[in-house]
file start-v2.txt (compact mmCIF, C-alpha atoms)
# COMPACT_ATOMS: atom_id res chain seq x y z
CA MET A 12 238.57 79.04 -2.16
CA LEU A 13 239.84 77.46 1.02
CA ASP A 14 242.68 74.94 1.04
CA ILE A 15 241.07 71.49 1.19
CA LYS A 16 243.77 70.42 3.67
CA PHE A 17 242.76 73.35 5.89
CA VAL A 18 239.11 72.29 5.75
CA ARG A 19 239.99 68.70 6.70
CA SER A 20 242.32 69.71 9.53
CA ASN A 21 240.32 72.63 10.93
CA THR A 22 236.72 71.48 10.79
CA HIS A 23 235.90 73.29 14.04
CA ASP A 24 237.13 76.62 12.63
CA VAL A 25 235.36 76.12 9.30
CA ARG A 26 232.14 75.10 11.03
CA ASP A 27 232.37 78.18 13.25
CA ALA A 28 233.02 80.39 10.23
CA LEU A 29 229.91 79.02 8.51
CA ARG A 30 227.92 79.68 11.67
CA LYS A 31 229.17 83.26 11.87
CA ARG A 32 228.27 83.82 8.24
CA ARG A 33 224.80 82.33 8.83
CA SER A 34 225.55 79.90 5.99
CA SER A 35 223.24 76.96 5.33
CA LEU A 36 226.08 74.79 3.99
CA ASP A 37 226.30 71.37 5.68
CA LEU A 38 229.99 70.75 6.31
CA ASP A 39 229.30 67.14 7.36
CA GLN A 40 228.04 66.42 3.85
CA PHE A 41 231.30 67.70 2.39
CA LEU A 42 233.36 65.69 4.87
CA ALA A 43 231.40 62.55 3.97
CA ILE A 44 232.08 63.10 0.27
CA ASP A 45 235.74 63.77 0.98
CA GLN A 46 236.04 60.58 3.08
CA LYS A 47 234.41 58.54 0.31
CA ARG A 48 236.91 60.01 -2.14
CA ARG A 49 239.85 59.07 0.04
CA ASP A 50 238.47 55.52 0.54
CA LEU A 51 238.13 55.10 -3.23
CA LEU A 52 241.64 56.42 -3.80
CA LEU A 53 243.01 53.92 -1.31
CA GLU A 54 241.17 51.06 -3.01
CA VAL A 55 242.41 52.13 -6.45
CA GLU A 56 245.98 52.41 -5.22
CA ASP A 57 245.79 48.91 -3.68
CA LEU A 58 244.36 47.48 -6.91
CA LYS A 59 247.04 49.13 -9.01
CA ALA A 60 249.75 47.79 -6.71
CA ASN A 61 248.23 44.28 -7.03
CA ARG A 62 248.01 44.72 -10.80
CA ASN A 63 251.68 45.62 -11.00
CA GLN A 64 252.58 42.62 -8.86
CA ALA A 65 250.46 40.30 -11.03
CA SER A 66 251.99 41.72 -14.21
CA GLY A 67 255.44 40.94 -12.85
CA GLU A 68 254.42 37.39 -11.98
CA ILE A 69 252.91 36.86 -15.45
CA SER A 70 256.15 38.04 -17.03
CA ARG A 71 258.14 35.63 -14.85
CA ARG A 72 255.90 32.66 -15.71
CA LYS A 73 256.07 33.35 -19.40
CA LYS A 74 259.87 33.27 -19.22
CA THR A 75 259.82 29.88 -17.43
CA GLY A 76 257.07 28.45 -19.61
CA GLU A 77 254.52 28.25 -16.79
CA SER A 78 250.81 28.91 -17.36
CA ALA A 79 249.58 32.37 -16.38
CA ASP A 80 245.93 31.94 -17.38
CA ASP A 81 244.65 32.36 -13.83
CA LEU A 82 246.59 35.57 -13.37
CA LEU A 83 245.50 36.94 -16.76
CA GLU A 84 241.88 36.37 -15.77
CA GLU A 85 242.55 38.07 -12.44
CA LEU A 86 244.30 40.95 -14.20
CA GLY A 87 241.28 41.48 -16.46
CA ALA A 88 238.96 41.63 -13.46
CA MET A 89 241.24 44.15 -11.76
CA ALA A 90 241.35 46.32 -14.89
CA THR A 91 237.54 46.34 -15.04
CA ARG A 92 237.31 47.26 -11.36
CA ILE A 93 239.95 50.03 -11.67
CA LYS A 94 238.10 51.53 -14.64
CA ALA A 95 234.82 51.54 -12.68
CA LEU A 96 236.50 53.11 -9.65
CA ASP A 97 238.18 55.76 -11.82
CA GLU A 98 234.74 56.75 -13.12
CA LYS A 99 233.45 56.99 -9.55
CA LEU A 100 236.49 59.04 -8.57
CA LYS A 101 235.89 61.44 -11.44
CA ASP A 102 232.35 62.01 -10.21
CA ILE A 103 233.49 62.35 -6.59
CA ASP A 104 236.24 64.79 -7.63
CA GLU A 105 233.61 66.96 -9.33
CA GLN A 106 231.45 66.88 -6.20
CA THR A 107 234.46 67.72 -4.03
CA LEU A 108 235.44 70.67 -6.23
CA GLU A 109 231.84 71.93 -6.29
CA TRP A 110 231.74 71.83 -2.49
CA ILE A 111 235.12 73.42 -1.88
CA MET A 112 234.23 76.19 -4.36
CA SER A 113 230.97 76.83 -2.50
CA ILE A 114 232.53 77.29 0.96
CA PRO A 115 232.90 81.04 1.75
CA ASN A 116 236.07 82.58 3.12
CA VAL A 117 236.79 82.46 6.85
CA PRO A 118 236.14 85.87 8.49
CA HIS A 119 239.15 87.60 10.03
CA PRO A 120 239.09 87.57 13.88
CA SER A 121 238.48 91.34 13.90
CA VAL A 122 235.20 90.97 11.96
CA PRO A 123 232.21 91.57 14.29
CA GLU A 124 229.64 88.80 14.48
CA GLY A 125 226.10 89.55 13.37
CA ASN A 126 223.23 88.55 11.12
CA ASP A 127 222.97 91.49 8.74
CA GLU A 128 223.90 95.13 8.09
CA SER A 129 222.28 96.20 11.37
CA SER A 130 225.28 94.64 13.14
CA ASN A 131 227.92 96.48 11.10
CA VAL A 132 230.23 98.57 13.28
CA GLN A 133 231.08 102.21 12.57
CA VAL A 134 234.83 102.78 12.85
CA LYS A 135 235.30 106.25 11.37
CA MET A 136 233.47 109.39 10.31
CA TRP A 137 234.70 112.30 8.19
CA GLY A 138 233.22 115.76 7.75
CA GLN A 139 229.86 117.15 8.77
CA LYS A 140 226.36 116.73 7.40
CA PRO A 141 225.41 119.80 5.35
CA ALA A 142 222.79 122.10 6.89
CA PHE A 143 219.83 123.22 4.77
CA ASP A 144 217.21 125.91 5.44
CA PHE A 145 214.87 124.08 3.05
CA GLN A 146 213.74 120.49 2.54
CA PRO A 147 216.47 118.80 0.47
CA LYS A 148 215.35 116.84 -2.57
CA GLU A 149 216.49 113.45 -3.80
CA HIS A 150 218.94 113.29 -6.69
CA TRP A 151 216.46 111.95 -9.22
CA GLU A 152 214.15 114.93 -8.65
CA LEU A 153 217.02 117.40 -8.97
CA GLY A 154 218.66 115.74 -11.98
CA THR A 155 215.40 115.35 -13.88
CA ALA A 156 214.36 118.96 -13.26
CA LEU A 157 217.76 120.17 -14.48
CA GLY A 158 217.47 118.09 -17.66
CA GLY A 159 220.46 115.85 -16.94
CA LEU A 160 218.82 112.56 -15.95
CA ASP A 161 216.36 110.87 -18.31
CA PHE A 162 214.91 107.66 -16.90
CA GLU A 163 211.83 107.51 -19.12
CA THR A 164 213.70 107.42 -22.44
CA ALA A 165 216.18 104.87 -21.05
CA ALA A 166 213.24 102.67 -20.03
CA LYS A 167 211.84 102.95 -23.57
CA ILE A 168 215.19 102.00 -25.10
CA THR A 169 216.02 99.18 -22.68
CA GLY A 170 213.91 98.86 -19.54
CA SER A 171 213.89 99.76 -15.87
CA ARG A 172 217.09 100.48 -13.89
CA PHE A 173 218.78 102.37 -16.72
CA VAL A 174 219.33 106.10 -17.26
CA ILE A 175 220.44 108.44 -20.03
CA LEU A 176 222.82 111.16 -18.88
CA LYS A 177 222.40 114.36 -20.87
CA GLY A 178 224.37 117.57 -21.15
CA TRP A 179 225.88 118.56 -17.82
CA ALA A 180 225.25 115.10 -16.31
CA ALA A 181 227.14 113.33 -19.11
CA ARG A 182 229.98 115.84 -18.68
CA MET A 183 230.01 115.35 -14.90
CA GLU A 184 230.17 111.56 -15.26
CA ARG A 185 233.15 111.92 -17.58
CA ALA A 186 234.73 114.51 -15.28
CA LEU A 187 234.37 112.28 -12.22
CA ILE A 188 235.99 109.35 -14.03
CA SER A 189 238.97 111.48 -15.06
CA PHE A 190 239.28 113.04 -11.61
CA MET A 191 239.20 109.66 -9.83
CA LEU A 192 241.77 108.13 -12.18
CA ASP A 193 244.05 111.15 -11.85
CA VAL A 194 244.00 110.97 -8.05
CA GLN A 195 244.62 107.22 -7.96
CA THR A 196 247.43 107.26 -10.54
CA ARG A 197 249.18 110.55 -9.74
CA GLU A 198 248.77 110.67 -5.98
CA ASN A 199 248.13 107.11 -4.80
CA GLY A 200 250.50 105.26 -7.10
CA TYR A 201 248.19 102.99 -9.09
CA ASN A 202 248.91 101.83 -12.63
CA GLU A 203 245.94 102.40 -14.92
CA VAL A 204 244.61 99.72 -17.25
CA MET A 205 241.54 99.54 -19.48
CA PRO A 206 240.49 95.88 -19.49
CA PRO A 207 237.78 94.05 -21.48
CA VAL A 208 234.29 94.30 -20.03
CA ILE A 209 233.49 90.81 -21.31
CA VAL A 210 235.21 87.92 -19.54
CA ASN A 211 235.18 84.14 -19.75
CA ARG A 212 233.84 81.73 -17.17
CA GLU A 213 237.32 80.91 -15.85
CA SER A 214 237.88 84.54 -14.88
CA LEU A 215 234.66 84.66 -12.85
CA MET A 216 235.57 81.35 -11.20
CA GLY A 217 238.91 82.85 -10.24
CA THR A 218 237.45 85.82 -8.38
CA GLY A 219 234.57 83.89 -6.79
CA GLN A 220 231.49 85.14 -8.66
CA LEU A 221 231.02 81.68 -10.15
CA PRO A 222 229.65 79.17 -9.63
CA LYS A 223 227.65 80.53 -6.68
CA PHE A 224 226.38 83.87 -8.04
CA GLU A 225 225.54 83.15 -11.66
CA GLU A 226 222.07 84.66 -11.33
CA ASP A 227 223.66 88.04 -10.57
CA LEU A 228 225.51 88.07 -13.90
CA PHE A 229 224.60 88.84 -17.50
CA HIS A 230 225.57 85.79 -19.57
CA LEU A 231 226.03 86.20 -23.33
CA GLU A 232 223.86 83.48 -24.83
CA ASN A 233 225.56 80.54 -26.57
CA THR A 234 229.02 81.68 -25.42
CA ASN A 235 231.44 81.22 -22.54
CA TYR A 236 231.33 85.00 -22.01
CA TYR A 237 229.79 87.24 -19.35
CA LEU A 238 229.53 91.00 -18.85
CA ILE A 239 231.63 92.02 -15.88
CA PRO A 240 229.95 92.94 -12.57
CA THR A 241 233.08 94.90 -11.60
CA ALA A 242 236.59 95.57 -12.96
CA GLU A 243 237.86 93.42 -10.08
CA VAL A 244 237.25 90.40 -12.35
CA PRO A 245 239.38 91.23 -15.41
CA VAL A 246 242.06 93.06 -13.41
CA THR A 247 242.58 90.25 -10.88
CA ASN A 248 242.77 87.74 -13.73
CA ILE A 249 245.63 89.62 -15.40
CA TYR A 250 247.89 87.47 -13.21
CA ARG A 251 245.85 84.25 -13.28
CA ASP A 252 248.14 81.18 -13.34
CA GLU A 253 251.23 83.36 -13.01
CA THR A 254 254.02 83.63 -10.44
CA LEU A 255 255.29 87.10 -9.52
CA ALA A 256 258.67 87.93 -8.04
CA GLU A 257 258.53 89.04 -4.41
CA SER A 258 260.21 92.28 -5.47
CA GLN A 259 257.19 93.11 -7.66
CA LEU A 260 254.83 93.27 -4.66
CA PRO A 261 252.67 95.16 -4.11
CA VAL A 262 251.21 95.32 -7.61
CA THR A 263 248.63 98.13 -7.66
CA ILE A 264 246.20 98.62 -10.53
CA CYS A 265 243.22 100.91 -11.11
CA ALA A 266 240.68 100.65 -13.90
CA PHE A 267 237.60 102.46 -15.09
CA THR A 268 234.90 100.25 -16.60
CA PRO A 269 231.18 100.11 -17.01
CA CYS A 270 229.74 97.36 -14.79
CA PHE A 271 226.70 95.16 -15.34
CA ARG A 272 224.58 93.47 -12.67
CA SER A 273 221.23 91.73 -12.89
CA GLU A 274 220.37 92.88 -9.34
CA ALA A 275 218.77 89.51 -8.68
CA GLY A 276 216.81 89.60 -5.45
CA SER A 277 216.53 93.40 -5.39
CA TYR A 278 212.98 93.62 -6.72
CA GLY A 279 211.27 96.67 -5.26
CA LYS A 280 214.50 98.15 -3.83
CA ASP A 281 215.73 101.57 -5.00
CA THR A 282 213.44 101.57 -8.01
CA LYS A 283 213.86 105.34 -8.46
CA GLY A 284 217.09 107.04 -9.32
CA MET A 285 220.65 105.86 -9.87
CA ILE A 286 221.42 103.94 -6.68
CA ARG A 287 220.77 100.43 -8.03
CA GLN A 288 221.19 100.15 -11.80
CA HIS A 289 221.84 97.31 -14.22
CA GLN A 290 224.64 99.34 -15.85
CA PHE A 291 226.89 101.78 -14.02
CA ASP A 292 230.43 103.18 -14.14
CA LYS A 293 233.06 102.50 -11.52
CA VAL A 294 236.75 103.10 -10.88
CA GLU A 295 238.18 99.98 -9.24
CA LEU A 296 241.36 99.60 -7.18
CA VAL A 297 243.10 96.20 -7.04
CA ARG A 298 246.19 95.30 -5.01
CA PHE A 299 248.28 92.10 -5.13
CA VAL A 300 250.27 92.08 -1.90
CA HIS A 301 252.55 90.07 0.35
CA PRO A 302 250.55 87.96 2.85
CA ASP A 303 252.51 89.37 5.79
CA SER A 304 251.33 92.93 5.09
CA SER A 305 247.85 92.49 3.65
CA TYR A 306 245.95 94.06 6.55
CA ALA A 307 248.19 97.12 6.55
CA GLU A 308 247.53 97.22 2.79
CA LEU A 309 243.78 97.10 3.46
CA GLU A 310 244.03 100.24 5.59
CA LYS A 311 246.02 101.89 2.79
CA LEU A 312 243.42 100.88 0.20
CA LEU A 313 240.65 102.28 2.39
CA GLY A 314 242.51 105.60 2.63
CA HIS A 315 242.83 105.78 -1.16
CA ALA A 316 239.08 105.34 -1.60
CA GLU A 317 238.34 107.87 1.15
CA SER A 318 240.59 110.46 -0.47
CA ILE A 319 238.13 110.94 -3.33
CA LEU A 320 235.25 111.83 -1.00
CA GLN A 321 237.47 114.09 1.08
CA LYS A 322 238.59 116.04 -1.98
CA LEU A 323 234.96 116.41 -3.03
CA GLY A 324 234.02 117.59 0.48
CA LEU A 325 231.41 114.86 0.97
CA HIS A 326 230.56 113.69 4.49
CA TYR A 327 230.82 109.92 5.02
CA ARG A 328 231.33 107.18 7.55
CA VAL A 329 233.26 103.88 7.44
CA VAL A 330 231.77 100.66 8.80
CA THR A 331 233.25 97.20 9.28
CA LEU A 332 230.90 94.61 7.83
CA CYS A 333 229.73 91.96 10.28
CA SER A 334 230.10 88.26 9.53
CA GLY A 335 226.53 87.89 8.24
CA ASP A 336 226.91 90.82 5.81
CA LEU A 337 230.37 89.85 4.55
CA GLY A 338 230.83 89.04 0.87
CA PHE A 339 231.45 85.43 -0.12
CA SER A 340 235.16 85.81 -0.97
CA SER A 341 236.11 88.42 1.63
CA ALA A 342 237.88 87.86 4.94
CA LYS A 343 237.27 91.48 6.00
CA THR A 344 235.45 94.39 4.37
CA TYR A 345 235.10 98.08 5.11
CA ASP A 346 232.14 99.88 3.53
CA ILE A 347 232.37 103.62 2.95
CA GLU A 348 228.90 105.12 3.25
CA VAL A 349 228.33 108.62 1.94
CA TRP A 350 225.63 110.85 3.45
CA LEU A 351 222.66 111.57 1.15
CA PRO A 352 220.54 114.38 2.63
CA GLY A 353 217.73 113.89 0.10
CA GLN A 354 217.30 110.32 1.31
CA ASN A 355 218.26 111.27 4.88
CA LYS A 356 220.52 108.21 5.13
CA TYR A 357 224.01 106.87 4.52
CA ARG A 358 224.49 104.80 1.37
CA GLU A 359 227.39 102.55 0.43
CA ILE A 360 229.69 104.08 -2.18
CA SER A 361 232.73 101.81 -1.83
CA SER A 362 233.59 98.40 -0.41
CA CYS A 363 237.26 97.75 0.41
CA SER A 364 238.05 94.09 1.00
CA ASN A 365 240.90 91.77 1.85
CA PHE A 366 240.38 88.34 0.31
CA GLU A 367 243.63 86.98 1.76
CA ASP A 368 244.60 83.98 -0.46
CA PHE A 369 240.99 82.97 -1.25
CA GLN A 370 240.96 84.37 -4.81
CA ALA A 371 244.66 83.66 -5.40
CA ARG A 372 244.13 79.94 -4.74
CA ARG A 373 241.20 79.81 -7.18
CA ALA A 374 243.09 81.82 -9.82
CA GLY A 375 246.57 80.36 -9.25
CA ILE A 376 248.27 83.70 -8.47
CA ARG A 377 251.56 83.17 -6.64
CA PHE A 378 254.83 84.89 -5.85
CA LYS A 379 258.35 83.53 -5.34
CA PRO A 380 259.97 84.71 -2.10
CA ALA A 381 263.60 85.71 -2.53
CA GLY A 382 265.86 82.73 -1.91
CA ALA A 383 262.98 80.32 -1.37
CA LYS A 384 262.42 77.07 -3.27
CA LYS A 385 258.63 77.15 -3.11
CA SER A 386 256.25 79.87 -4.24
CA ARG A 387 253.42 81.23 -2.09
CA LEU A 388 249.95 82.52 -2.81
CA VAL A 389 249.60 86.30 -2.90
CA HIS A 390 246.84 88.13 -1.04
CA THR A 391 244.41 90.10 -3.19
CA LEU A 392 242.51 93.23 -2.18
CA ASN A 393 240.13 95.50 -4.02
CA GLY A 394 237.88 98.46 -3.48
CA SER A 395 235.83 100.99 -5.40
CA GLY A 396 237.56 104.26 -5.91
CA LEU A 397 234.63 105.11 -6.40
CA ALA A 398 231.25 104.09 -7.86
CA VAL A 399 230.86 107.01 -10.28
CA GLY A 400 227.07 107.23 -10.49
CA ARG A 401 226.66 107.16 -6.72
CA THR A 402 229.29 109.89 -6.43
CA MET A 403 227.21 112.05 -8.77
CA VAL A 404 224.17 111.26 -6.64
CA ALA A 405 226.05 112.45 -3.54
CA ILE A 406 227.15 115.69 -5.26
CA LEU A 407 223.61 116.48 -6.40
CA GLU A 408 222.08 115.93 -2.98
CA ASN A 409 224.82 117.52 -0.87
CA TYR A 410 225.47 120.57 -3.05
CA GLN A 411 221.85 121.40 -3.93
CA GLN A 412 220.57 124.93 -3.44
CA ALA A 413 217.14 126.25 -2.51
CA ASP A 414 216.45 127.26 -6.14
CA GLY A 415 217.15 123.73 -7.38
CA SER A 416 220.61 124.49 -8.75
CA ILE A 417 223.75 122.52 -7.87
CA ILE A 418 227.11 123.98 -6.79
CA VAL A 419 229.99 122.13 -8.47
CA PRO A 420 232.69 121.03 -5.97
CA GLU A 421 235.72 123.23 -6.45
CA ILE A 422 238.13 120.38 -7.23
CA LEU A 423 235.88 119.19 -10.05
CA ARG A 424 235.58 122.54 -11.80
CA PRO A 425 238.76 122.28 -13.91
CA TYR A 426 237.37 119.03 -15.36
CA LEU A 427 234.17 120.88 -16.32
CA GLY A 428 235.74 123.86 -18.03
CA GLY A 429 235.46 126.04 -14.92
CA LEU A 430 231.72 125.40 -14.44
CA GLU A 431 230.74 126.51 -10.92
CA ARG A 432 226.99 125.93 -10.86
CA ILE A 433 224.45 123.78 -12.65
CA GLY A 434 221.39 125.98 -12.96
CA MET A 435 217.81 125.83 -14.04

call {"tool": "encode", "arguments": {"input": "start-v2.txt", "output": "structure tokens"}}
result
Amino acid sequence: MLDIKFVRSNTHDVRDALRKRRSSLDLDQFLAIDQKRRDLLLEVEDLKANRNQASGEISRRKKTGESADDLLEELGAMATRIKALDEKLKDIDEQTLEWIMSIPNVPHPSVPEGNDESSNVQVKMWGQKPAFDFQPKEHWELGTALGGLDFETAAKITGSRFVILKGWAARMERALISFMLDVQTRENGYNEVMPPVIVNRESLMGTGQLPKFEEDLFHLENTNYYLIPTAEVPVTNIYRDETLAESQLPVTICAFTPCFRSEAGSYGKDTKGMIRQHQFDKVELVRFVHPDSSYAELEKLLGHAESILQKLGLHYRVVTLCSGDLGFSSAKTYDIEVWLPGQNKYREISSCSNFEDFQARRAGIRFKPAGAKKSRLVHTLNGSGLAVGRTMVAILENYQQADGSIIVPEILRPYLGGLERIGM
């Protein structure tokens, strides 16, 4: 969340940020609530000062034998008024917190302005689109024909937007997870963790999914628990309400987890295949960094996510998200979009974001600069390294052959026992 002092002192910047994000939030309403809160605080402080003064006078009169009945009556009235104001302040404080938690992060100056994904700006491209002398098929056609993807049985067991991976597909999912984790830990320096996939409400508040995006989550009924939408949530909360030493930064963590999303608002989108599922696997990269170097760290994070696609030989592009397409907590985001020839389009396979101190303020994650008296908020970053199911989708579509078989990328073969081709 934003610093409430920043919001008060920089209303023009916050208003402009809301405009750029095409947000419907009314900042004037927040400022009115905040002013009412400050007026109430001032009144309470004045009353408490008067109460203390009256208490002192009552004590003096009692010592001299003077009557203090008038002051006692006045003191009772003040106590009643203070109690009523405290109740009002409690309600105002809740409204203030609700508002400050609902204000999105301020976009970095380098973020292009725009309404939606059509205004995202391409900044990089790697590799070449594969050439086919036949009409390439979509992944769900290929995977179903090869017996690896079973959507019908998954729908019987659970419902739509689920899949059973069988045989080679189950092995490839497992291989991709191991490959991604090996690259990120052995080559890119991340420490691997395996966190819970169920988290409490406080954890989701800390990373910004709550309270705004509750409809996107799976809530476990009659509990304070939710299924995670991404490993970003449990991993970031490892350091919730903790203070790191400056010498510890950057802290770099990777984690494989299944992820769960309700896909609220996506009715009718990507109904076939594995692009938009309620349950999917992902390797997540999280970095806790010094504020002075967080944008250099973002470029580094982006490179770590890209390295997976490069090793797999998959063509992709990188785009900077415009202000209207930017996630709620992010100050700047790069999307990596892999080419899918079956769909004849680029599809997002990783988002790499710098949240600056937005999450750290919500979660209370700080560091102590060497020799300093006061601690500072860290900057948090995360990115997919990568979405596993979408990586399989990209392999199926990019490495398909005219006979319907799939060539296994060379770097993945050792993880599949030397398998070179998935055949009919």

call {"tool": "residues_around", "arguments": {"input": "start-v2.txt", "residues": "His301 in chain A", "least_positions_apart": "2", "cutoff": "12 Å", "atoms": "all atoms listed in the file", "output": "compact mmCIF listing (two decimals) with C-alpha atoms, in the coordinates of the input"}}
result
# COMPACT_ATOMS: atom_id res chain seq x y z
CA LEU A 255 255.29 87.10 -9.52
CA ALA A 256 258.67 87.93 -8.04
CA GLU A 257 258.53 89.04 -4.41
CA SER A 258 260.21 92.28 -5.47
CA GLN A 259 257.19 93.11 -7.66
CA LEU A 260 254.83 93.27 -4.66
CA PRO A 261 252.67 95.16 -4.11
CA VAL A 262 251.21 95.32 -7.61
CA ARG A 298 246.19 95.30 -5.01
CA PHE A 299 248.28 92.10 -5.13
CA ASP A 303 252.51 89.37 5.79
CA SER A 304 251.33 92.93 5.09
CA SER A 305 247.85 92.49 3.65
CA TYR A 306 245.95 94.06 6.55
CA ALA A 307 248.19 97.12 6.55
CA GLU A 308 247.53 97.22 2.79
CA LEU A 309 243.78 97.10 3.46
CA ASN A 365 240.90 91.77 1.85
CA GLU A 367 243.63 86.98 1.76
CA ASP A 368 244.60 83.98 -0.46
CA ALA A 371 244.66 83.66 -5.40
CA ILE A 376 248.27 83.70 -8.47
CA ARG A 377 251.56 83.17 -6.64
CA PHE A 378 254.83 84.89 -5.85
CA LYS A 379 258.35 83.53 -5.34
CA PRO A 380 259.97 84.71 -2.10
CA SER A 386 256.25 79.87 -4.24
CA ARG A 387 253.42 81.23 -2.09
CA LEU A 388 249.95 82.52 -2.81
CA VAL A 389 249.60 86.30 -2.90
CA HIS A 390 246.84 88.13 -1.04
CA THR A 391 244.41 90.10 -3.19
CA LEU A 392 242.51 93.23 -2.18

call {"tool": "closest_atom_pairs", "arguments": {"input": "start-v2.txt", "of": "range 92-180 of chain A", "to": "range 402-410 of chain A", "cutoff": "10 Å", "atoms": "all atoms listed in the file", "output": "tab-separated table"}}
result
residue	atom	partner	partner_atom	distance
A:Lys140	CA	A:Asn409	CA	8.4
A:Pro141	CA	A:Asn409	CA	6.7
A:Ala142	CA	A:Asn409	CA	9.2
A:Phe143	CA	A:Asn409	CA	9.4
A:Pro147	CA	A:Glu408	CA	7.2
A:Lys148	CA	A:Glu408	CA	6.8
A:Glu149	CA	A:Glu408	CA	6.2
A:His150	CA	A:Glu408	CA	5.5
A:Trp151	CA	A:Val404	CA	8.2
A:Glu152	CA	A:Glu408	CA	9.8
A:Leu153	CA	A:Leu407	CA	7.1
A:Gly154	CA	A:Leu407	CA	7.5
A:Ala180	CA	A:Met403	CA	8.4

call {"tool": "closest_residue", "arguments": {"input": "start-v2.txt", "among": "A:Gln412, A:Thr241, A:Asn63, A:Ser395", "to": "Ser318 in chain A", "atoms": "all atoms listed in the file"}}
result
A:Ser395

call {"tool": "residues_around", "arguments": {"input": "start-v2.txt", "residues": "Arg358 in chain A", "least_positions_apart": "3", "cutoff": "10 Å", "atoms": "only C-alpha atoms", "output": "PyMOL selection string"}}
result
chain A and resi 286+327-328+346-351+354-355+361+401+405

call {"tool": "closest_residue", "arguments": {"input": "start-v2.txt", "among": "A:Ala381, A:Ala156, A:Leu323, A:Leu231", "to": "Ile433 in chain A", "atoms": "only C-alpha atoms"}}
result
A:Ala156

call {"tool": "closest_residue", "arguments": {"input": "start-v2.txt", "among": "A:Leu42, A:Val297, A:Leu51, A:Ala79", "to": "Thr247 in chain A", "atoms": "all atoms listed in the file"}}
result
A:Val297

call {"tool": "closest_residue", "arguments": {"input": "start-v2.txt", "among": "A:Leu325, A:Leu427, A:Leu29, A:Ile418", "to": "Trp179 in chain A", "atoms": "only C-alpha atoms"}}
result
A:Leu427

call {"tool": "atom_distance", "arguments": {"input": "start-v2.txt", "atom1": "CA of His315 in chain A", "atom2": "CA of Ala374 in chain A"}}
result
25.5 Å

call {"tool": "residues_around", "arguments": {"input": "start-v2.txt", "residues": "Thr107 in chain A", "least_positions_apart": "2", "cutoff": "12 Å", "atoms": "all atoms listed in the file", "output": "PyMOL selection string"}}
result
chain A and resi 15+18+38+40-49+100-105+109-114

call {"tool": "atom_distance", "arguments": {"input": "start-v2.txt", "atom1": "CA of Phe366 in chain A", "atom2": "CA of Gly217 in chain A"}}
result
12.0 Å

call {"tool": "closest_residue", "arguments": {"input": "start-v2.txt", "among": "A:Ser35, A:Asn393, A:Gln139, A:Thr75", "to": "Gln321 in chain A", "atoms": "only C-alpha atoms"}}
result
A:Gln139

call {"tool": "residues_around", "arguments": {"input": "start-v2.txt", "residues": "Gly178 in chain A", "least_positions_apart": "2", "cutoff": "12 Å", "atoms": "all atoms listed in the file", "output": "count of residues only"}}
result
17

call {"tool": "atom_distance", "arguments": {"input": "start-v2.txt", "atom1": "CA of Leu96 in chain A", "atom2": "CA of Leu82 in chain A"}}
result
20.6 Å

call {"tool": "residues_around", "arguments": {"input": "start-v2.txt", "residues": "Gly375 in chain A", "least_positions_apart": "2", "cutoff": "7 Å", "atoms": "all atoms listed in the file", "output": "ChimeraX atom specification"}}
result
/A:251-253,371-373,377

call {"tool": "closest_residue", "arguments": {"input": "start-v2.txt", "among": "A:Phe145, A:Tyr345, A:Tyr237, A:Phe162", "to": "Lys283 in chain A", "atoms": "all atoms listed in the file"}}
result
A:Phe162
